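Asks: start.txt is the file, holding compact mmCIF, C-alpha atoms:
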# COMPACT_ATOMS: atom_id res chain seq x y z
CA MET A 1 89.84 86.83 66.93
CA ALA A 2 90.35 83.50 65.20
CA ASN A 3 87.73 80.76 65.41
CA GLU A 4 87.66 78.12 68.13
CA GLY A 5 89.68 75.70 66.04
CA HIS A 6 92.75 77.94 66.25
CA ASP A 7 94.35 76.98 69.52
CA ARG A 8 96.97 79.69 69.04
CA VAL A 9 94.49 82.34 70.07
CA VAL A 10 95.29 82.17 73.74
CA ARG A 11 92.45 83.40 75.91
CA LEU A 12 89.93 82.10 78.41
CA PRO A 13 87.61 79.87 76.34
CA GLY A 14 84.16 81.38 75.87
CA ARG A 15 82.22 78.35 77.12
CA ARG A 16 84.24 78.25 80.33
CA GLN A 17 83.77 81.97 80.89
CA ASP A 18 80.00 81.65 80.37
CA ALA A 19 79.88 78.80 82.87
CA MET A 20 81.83 80.82 85.43
CA GLN A 21 79.51 83.76 85.05
CA GLY A 22 76.44 81.59 85.50
CA ALA A 23 77.67 79.38 88.32
CA GLY A 24 80.10 81.65 90.13
CA ASP A 25 82.41 78.73 90.93
CA PRO A 26 84.88 80.05 93.55
CA GLU A 27 87.53 77.58 92.42
CA GLU A 28 87.54 78.97 88.87
CA PRO A 29 89.42 82.13 87.84
CA MET A 30 87.34 85.21 88.53
CA LEU A 31 86.07 87.28 85.64
CA SER A 32 88.07 90.20 87.06
CA GLU A 33 91.19 88.16 86.23
CA HIS A 34 90.40 87.96 82.50
CA VAL A 35 88.93 91.31 81.54
CA ARG A 36 91.81 92.25 79.24
CA PRO A 37 92.65 89.07 77.31
CA ARG A 38 95.85 89.18 75.29
CA ASN A 39 94.59 87.72 72.02
CA ILE A 40 97.46 86.46 69.88
CA ASP A 41 96.52 85.00 66.52
CA ASP A 42 98.14 82.05 64.79
CA ALA A 43 100.56 83.90 62.49
CA PRO A 44 102.43 85.96 65.10
CA TRP A 45 102.42 83.02 67.54
CA GLN A 46 104.16 80.82 64.96
CA ARG A 47 106.65 83.61 64.31
CA PHE A 48 107.39 83.83 68.03
CA GLU A 49 107.92 80.05 68.17
CA ALA A 50 110.41 80.27 65.30
CA HIS A 51 112.38 82.98 67.11
CA VAL A 52 112.45 80.92 70.32
CA ALA A 53 113.58 77.84 68.39
CA GLU A 54 116.38 79.83 66.75
CA ILE A 55 117.59 81.10 70.13
CA PHE A 56 117.45 77.66 71.77
CA GLN A 57 119.38 76.08 68.92
CA ALA A 58 122.00 78.83 68.99
CA PHE A 59 122.47 78.23 72.72
CA GLY A 60 123.01 74.50 72.16
CA MET A 61 119.65 72.75 72.36
CA ASP A 62 119.04 69.90 69.92
CA LEU A 63 115.44 70.37 68.74
CA ASP A 64 115.39 67.14 66.72
CA THR A 65 114.54 64.81 69.60
CA PRO A 66 111.12 63.58 70.78
CA GLY A 67 111.57 65.48 74.02
CA THR A 68 112.57 68.84 72.51
CA GLU A 69 110.85 69.15 69.14
CA ASN A 70 107.90 70.98 70.76
CA THR A 71 109.90 72.77 73.44
CA PRO A 72 109.72 76.24 71.79
CA SER A 73 105.92 75.98 71.72
CA ARG A 74 105.72 74.76 75.32
CA PHE A 75 108.12 77.46 76.49
CA LEU A 76 106.10 80.19 74.82
CA ARG A 77 102.84 78.93 76.28
CA ALA A 78 104.41 78.63 79.75
CA LEU A 79 105.67 82.21 79.49
CA PHE A 80 102.21 83.38 78.44
CA ASP A 81 100.51 81.53 81.31
CA SER A 82 103.06 82.86 83.80
CA THR A 83 102.19 86.46 82.88
CA SER A 84 98.41 86.12 83.01
CA GLY A 85 98.24 88.86 85.64
CA TYR A 86 98.21 91.43 82.83
CA GLU A 87 94.68 90.29 81.97
CA GLY A 88 93.24 91.16 85.38
CA ASP A 89 91.67 94.33 86.72
CA ALA A 90 91.78 94.71 90.50
CA LYS A 91 89.19 97.49 90.35
CA LEU A 92 86.52 94.88 89.55
CA MET A 93 86.96 93.06 92.87
CA THR A 94 84.06 93.49 95.27
CA ALA A 95 84.17 94.95 98.78
CA PHE A 96 81.46 94.35 101.39
CA PRO A 97 80.15 96.39 104.35
CA THR A 98 82.34 96.07 107.42
CA GLU A 99 81.38 93.93 110.40
CA CYS A 100 82.68 96.57 112.83
CA ARG A 101 80.01 97.87 115.20
CA GLY A 102 81.97 100.81 116.57
CA GLY A 103 84.43 101.21 119.44
CA PRO A 104 88.25 101.09 119.54
CA ASP A 105 88.45 97.68 117.85
CA CYS A 106 87.50 99.33 114.58
CA ARG A 107 90.83 101.17 114.51
CA ILE A 108 93.22 98.56 115.93
CA SER A 109 91.84 95.14 114.91
CA GLN A 110 93.83 93.68 112.05
CA ILE A 111 92.76 91.22 109.38
CA ILE A 112 95.88 89.33 108.29
CA GLU A 113 96.04 86.70 105.56
CA GLY A 114 99.04 84.52 104.79
CA PRO A 115 101.22 82.89 103.84
CA ILE A 116 100.11 83.51 100.25
CA SER A 117 102.40 81.78 97.77
CA PHE A 118 103.25 83.65 94.60
CA PHE A 119 105.41 83.33 91.51
CA ALA A 120 106.63 86.17 89.31
CA LEU A 121 109.09 86.90 86.52
CA CYS A 122 111.81 89.46 87.14
CA GLU A 123 111.52 92.20 84.51
CA HIS A 124 115.31 92.58 84.42
CA HIS A 125 116.21 89.03 83.39
CA ALA A 126 112.81 87.31 82.85
CA LEU A 127 113.84 84.70 85.44
CA PRO A 128 111.43 83.61 88.18
CA PHE A 129 111.25 84.82 91.72
CA TYR A 130 108.85 83.26 94.17
CA GLY A 131 107.90 83.35 97.80
CA MET A 132 105.23 84.15 100.36
CA ALA A 133 103.14 87.22 100.99
CA TYR A 134 101.25 88.43 104.05
CA VAL A 135 98.50 90.99 103.62
CA GLY A 136 96.93 92.89 106.50
CA TYR A 137 94.44 95.69 106.80
CA ILE A 138 92.32 97.48 109.38
CA ALA A 139 88.78 97.72 108.05
CA HIS A 140 86.89 100.99 107.94
CA ASP A 141 83.60 100.92 106.04
CA HIS A 142 84.35 97.83 103.95
CA ILE A 143 85.97 94.41 104.04
CA ILE A 144 87.07 92.12 101.21
CA GLY A 145 86.72 88.35 100.86
CA ILE A 146 89.78 86.55 102.21
CA SER A 147 90.31 84.64 98.96
CA LYS A 148 90.42 87.97 97.10
CA LEU A 149 93.57 88.92 98.99
CA THR A 150 95.26 85.86 97.51
CA ARG A 151 93.93 86.70 94.05
CA LEU A 152 95.10 90.30 94.38
CA VAL A 153 98.66 89.28 95.24
CA ARG A 154 98.83 86.78 92.38
CA MET A 155 97.27 89.16 89.88
CA PHE A 156 100.14 91.59 90.37
CA ALA A 157 102.77 88.85 90.71
CA ARG A 158 102.01 86.98 87.49
CA ARG A 159 103.73 89.58 85.31
CA PHE A 160 107.18 90.84 84.41
CA THR A 161 107.76 92.85 87.57
CA VAL A 162 109.91 93.47 90.64
CA GLN A 163 109.21 92.53 94.25
CA GLU A 164 108.93 96.13 95.39
CA ARG A 165 106.25 96.93 92.83
CA ILE A 166 104.08 93.96 93.81
CA GLY A 167 103.88 95.18 97.39
CA GLN A 168 103.16 98.76 96.38
CA GLU A 169 100.45 97.74 93.94
CA VAL A 170 98.69 95.45 96.41
CA ALA A 171 98.79 98.09 99.16
CA ASP A 172 97.59 100.89 96.89
CA HIS A 173 94.72 98.86 95.44
CA LEU A 174 93.54 97.77 98.89
CA VAL A 175 93.37 101.45 99.83
CA GLN A 176 91.52 102.34 96.62
CA LEU A 177 89.10 99.43 96.95
CA MET A 178 88.16 99.66 100.64
CA ASN A 179 89.52 102.91 102.08
CA PRO A 180 90.71 101.01 105.18
CA HIS A 181 92.21 102.62 108.26
CA GLY A 182 95.47 100.97 107.25
CA ALA A 183 97.07 98.35 104.98
CA ALA A 184 100.27 96.34 105.34
CA ILE A 185 102.11 94.01 102.95
CA HIS A 186 105.09 91.77 103.72
CA LEU A 187 106.83 89.80 100.97
CA ARG A 188 109.62 87.25 101.28
CA ALA A 189 111.02 85.93 98.01
CA THR A 190 113.80 83.89 96.45
CA HIS A 191 115.17 85.35 93.22
CA LEU A 192 116.61 82.92 90.68
CA CYS A 193 118.33 85.81 88.89
CA THR A 194 120.75 85.94 91.84
CA GLN A 195 120.98 82.16 92.25
CA MET A 196 121.38 80.95 88.64
CA ARG A 197 123.57 83.78 87.39
CA GLY A 198 125.54 86.78 88.66
CA VAL A 199 126.67 86.31 92.26
CA ARG A 200 125.07 82.83 92.38
CA GLU A 201 123.93 83.27 95.96
CA GLU A 202 122.04 80.04 96.62
CA SER A 203 120.51 80.73 100.03
CA SER A 204 119.54 84.41 100.02
CA ASN A 205 116.01 85.77 100.42
CA THR A 206 114.63 89.26 99.98
CA TRP A 207 112.16 90.82 102.43
CA THR A 208 110.07 93.90 101.65
CA THR A 209 107.35 95.62 103.67
CA PHE A 210 104.85 98.33 102.76
CA TRP A 211 102.69 100.40 105.07
CA ARG A 212 99.63 102.56 104.53
CA GLY A 213 97.45 104.56 106.93
CA LEU A 214 97.57 103.70 110.64
CA TYR A 215 100.45 101.27 110.10
CA GLU A 216 102.65 104.23 109.18
CA GLU A 217 101.78 105.97 112.45
CA ASP A 218 101.58 103.15 115.01
CA PRO A 219 104.68 100.99 115.60
CA SER A 220 102.67 98.54 117.73
CA LEU A 221 100.49 97.69 114.71
CA ARG A 222 103.59 97.14 112.61
CA ASP A 223 105.14 94.93 115.28
CA GLU A 224 101.99 92.80 115.61
CA PHE A 225 101.76 92.39 111.84
CA LEU A 226 105.42 91.45 111.41
CA ARG A 227 105.32 88.99 114.34
CA THR A 228 102.40 87.26 112.68
CA ALA A 229 104.15 87.19 109.30
CA ARG A 230 107.43 85.88 110.68
CA ALA A 231 105.65 83.17 112.68
CA GLY A 232 103.88 81.89 109.56
How would this structure read if it were set down as structure tokens?
Replies:
Amino acid sequence: MANEGHDRVVRLPGRRQDAMQGAGDPEEPMLSEHVRPRNIDDAPWQRFEAHVAEIFQAFGMDLDTPGTENTPSRFLRALFDSTSGYEGDAKLMTAFPTECRGGPDCRISQIIEGPISFFALCEHHALPFYGMAYVGYIAHDHIIGISKLTRLVRMFARRFTVQERIGQEVADHLVQLMNPHGAAIHLRATHLCTQMRGVREESSNTWTTFWRGLYEEDPSLRDEFLRTARAG
């Protein structure tokens, strides 16, 4: 790793990480979101900037103006920031003992969080798609902090990915983390790869749902979850 003076080494600054660890500020990124930093040193970063500049110029951009002379650098940094989900590890999120005290509620009471806004980059065209997620689960022995559901969605969204994979990854990791009676994910997204190019469909949205455990078996649980999501 380069020294602190090299701002091309893009990672969570050490002083900020130390402060987070000591203070546990809930508004700061969690340490579980930066366990695999993508350290890129100065030389390759400058080479990437040159390639981006060459592409932009070939496509028609004038890079000799005050507004565009640093555009390749800004674009590269924006792309790096938009894919920060690769640095996270969902396995490091913490689950807590359930509040259930027994009885039928423990198998039918849902915890639903949403709408959770997210942004992602389509792995087919590297264009953004964005939307809202709803996450539900039926606790068994453990629960998870509500804010962690938001972090989990965004950890898997801030990558080169597809909408279907985000839902599958969130559902599977909830099961691995808490072993709930059931988990449900609903995503609604707008894909710029269909609006800016191709069919140029300006008003379409894509809905995907994913079920685990009791949600697969009980249509009433699915109906309750989807009614909540669609009302949000």
Asks: Please build the interface table for segment 33-137 of chain A against segment 203-219 of chain A with a cut-off of 10 Å, listing for each qualifying residue the nearest atom pair and the distance in Å to one decimal; count all atoms listed in the file, order rows by chain and increasing number, and write it as a Markdown table.
Replies:
| residue | atom | partner | partner_atom | distance |
| --- | --- | --- | --- | --- |
| A:Arg107 | CA | A:Leu214 | CA | 8.2 |
| A:Ile108 | CA | A:Leu214 | CA | 8.6 |
| A:Phe129 | CA | A:Asn205 | CA | 10.0 |
| A:Tyr130 | CA | A:Asn205 | CA | 9.8 |
| A:Gly131 | CA | A:Asn205 | CA | 8.9 |
| A:Met132 | CA | A:Trp207 | CA | 9.8 |
| A:Ala133 | CA | A:Thr208 | CA | 9.6 |
| A:Tyr134 | CA | A:Thr209 | CA | 9.4 |
| A:Val135 | CA | A:Phe210 | CA | 9.7 |
| A:Gly136 | CA | A:Trp211 | CA | 9.6 |
| A:Tyr137 | CA | A:Tyr215 | CA | 8.8 |
Asks: Save the residues we just selected, C-alpha atoms, as an mmCIF file, in the frame of the given file?
Replies:
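The resulting file, out20.cif, is reproduced below:
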data_model
loop_
_atom_site.group_PDB
_atom_site.id
_atom_site.type_symbol
_atom_site.label_atom_id
_atom_site.label_comp_id
_atom_site.auth_asym_id
_atom_site.auth_seq_id
_atom_site.Cartn_x
_atom_site.Cartn_y
_atom_site.Cartn_z
ATOM 1 C CA ARG A 107 90.830 101.170 114.510
ATOM 2 C CA ILE A 108 93.220 98.560 115.930
ATOM 3 C CA PHE A 129 111.250 84.820 91.720
ATOM 4 C CA TYR A 130 108.850 83.260 94.170
ATOM 5 C CA GLY A 131 107.900 83.350 97.800
ATOM 6 C CA MET A 132 105.230 84.150 100.360
ATOM 7 C CA ALA A 133 103.140 87.220 100.990
ATOM 8 C CA TYR A 134 101.250 88.430 104.050
ATOM 9 C CA VAL A 135 98.500 90.990 103.620
ATOM 10 C CA GLY A 136 96.930 92.890 106.500
ATOM 11 C CA TYR A 137 94.440 95.690 106.800
#
Asks: Do a neighbour search on Glu113 of chain A at 12 Å with all atoms listed in the file, toss out local chain neighbours closer than 4 positions, and write the hits as a count of residues only.
Replies: 25
Asks: Rounded to one decimal place, report the atom CA of Glu201 of chain A-atom CA of Ala58 of chain A distance in Å.
Replies: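 Between atom CA of Glu201 of chain A and atom CA of Ala58 of chain A the gap is 27.4 Å.
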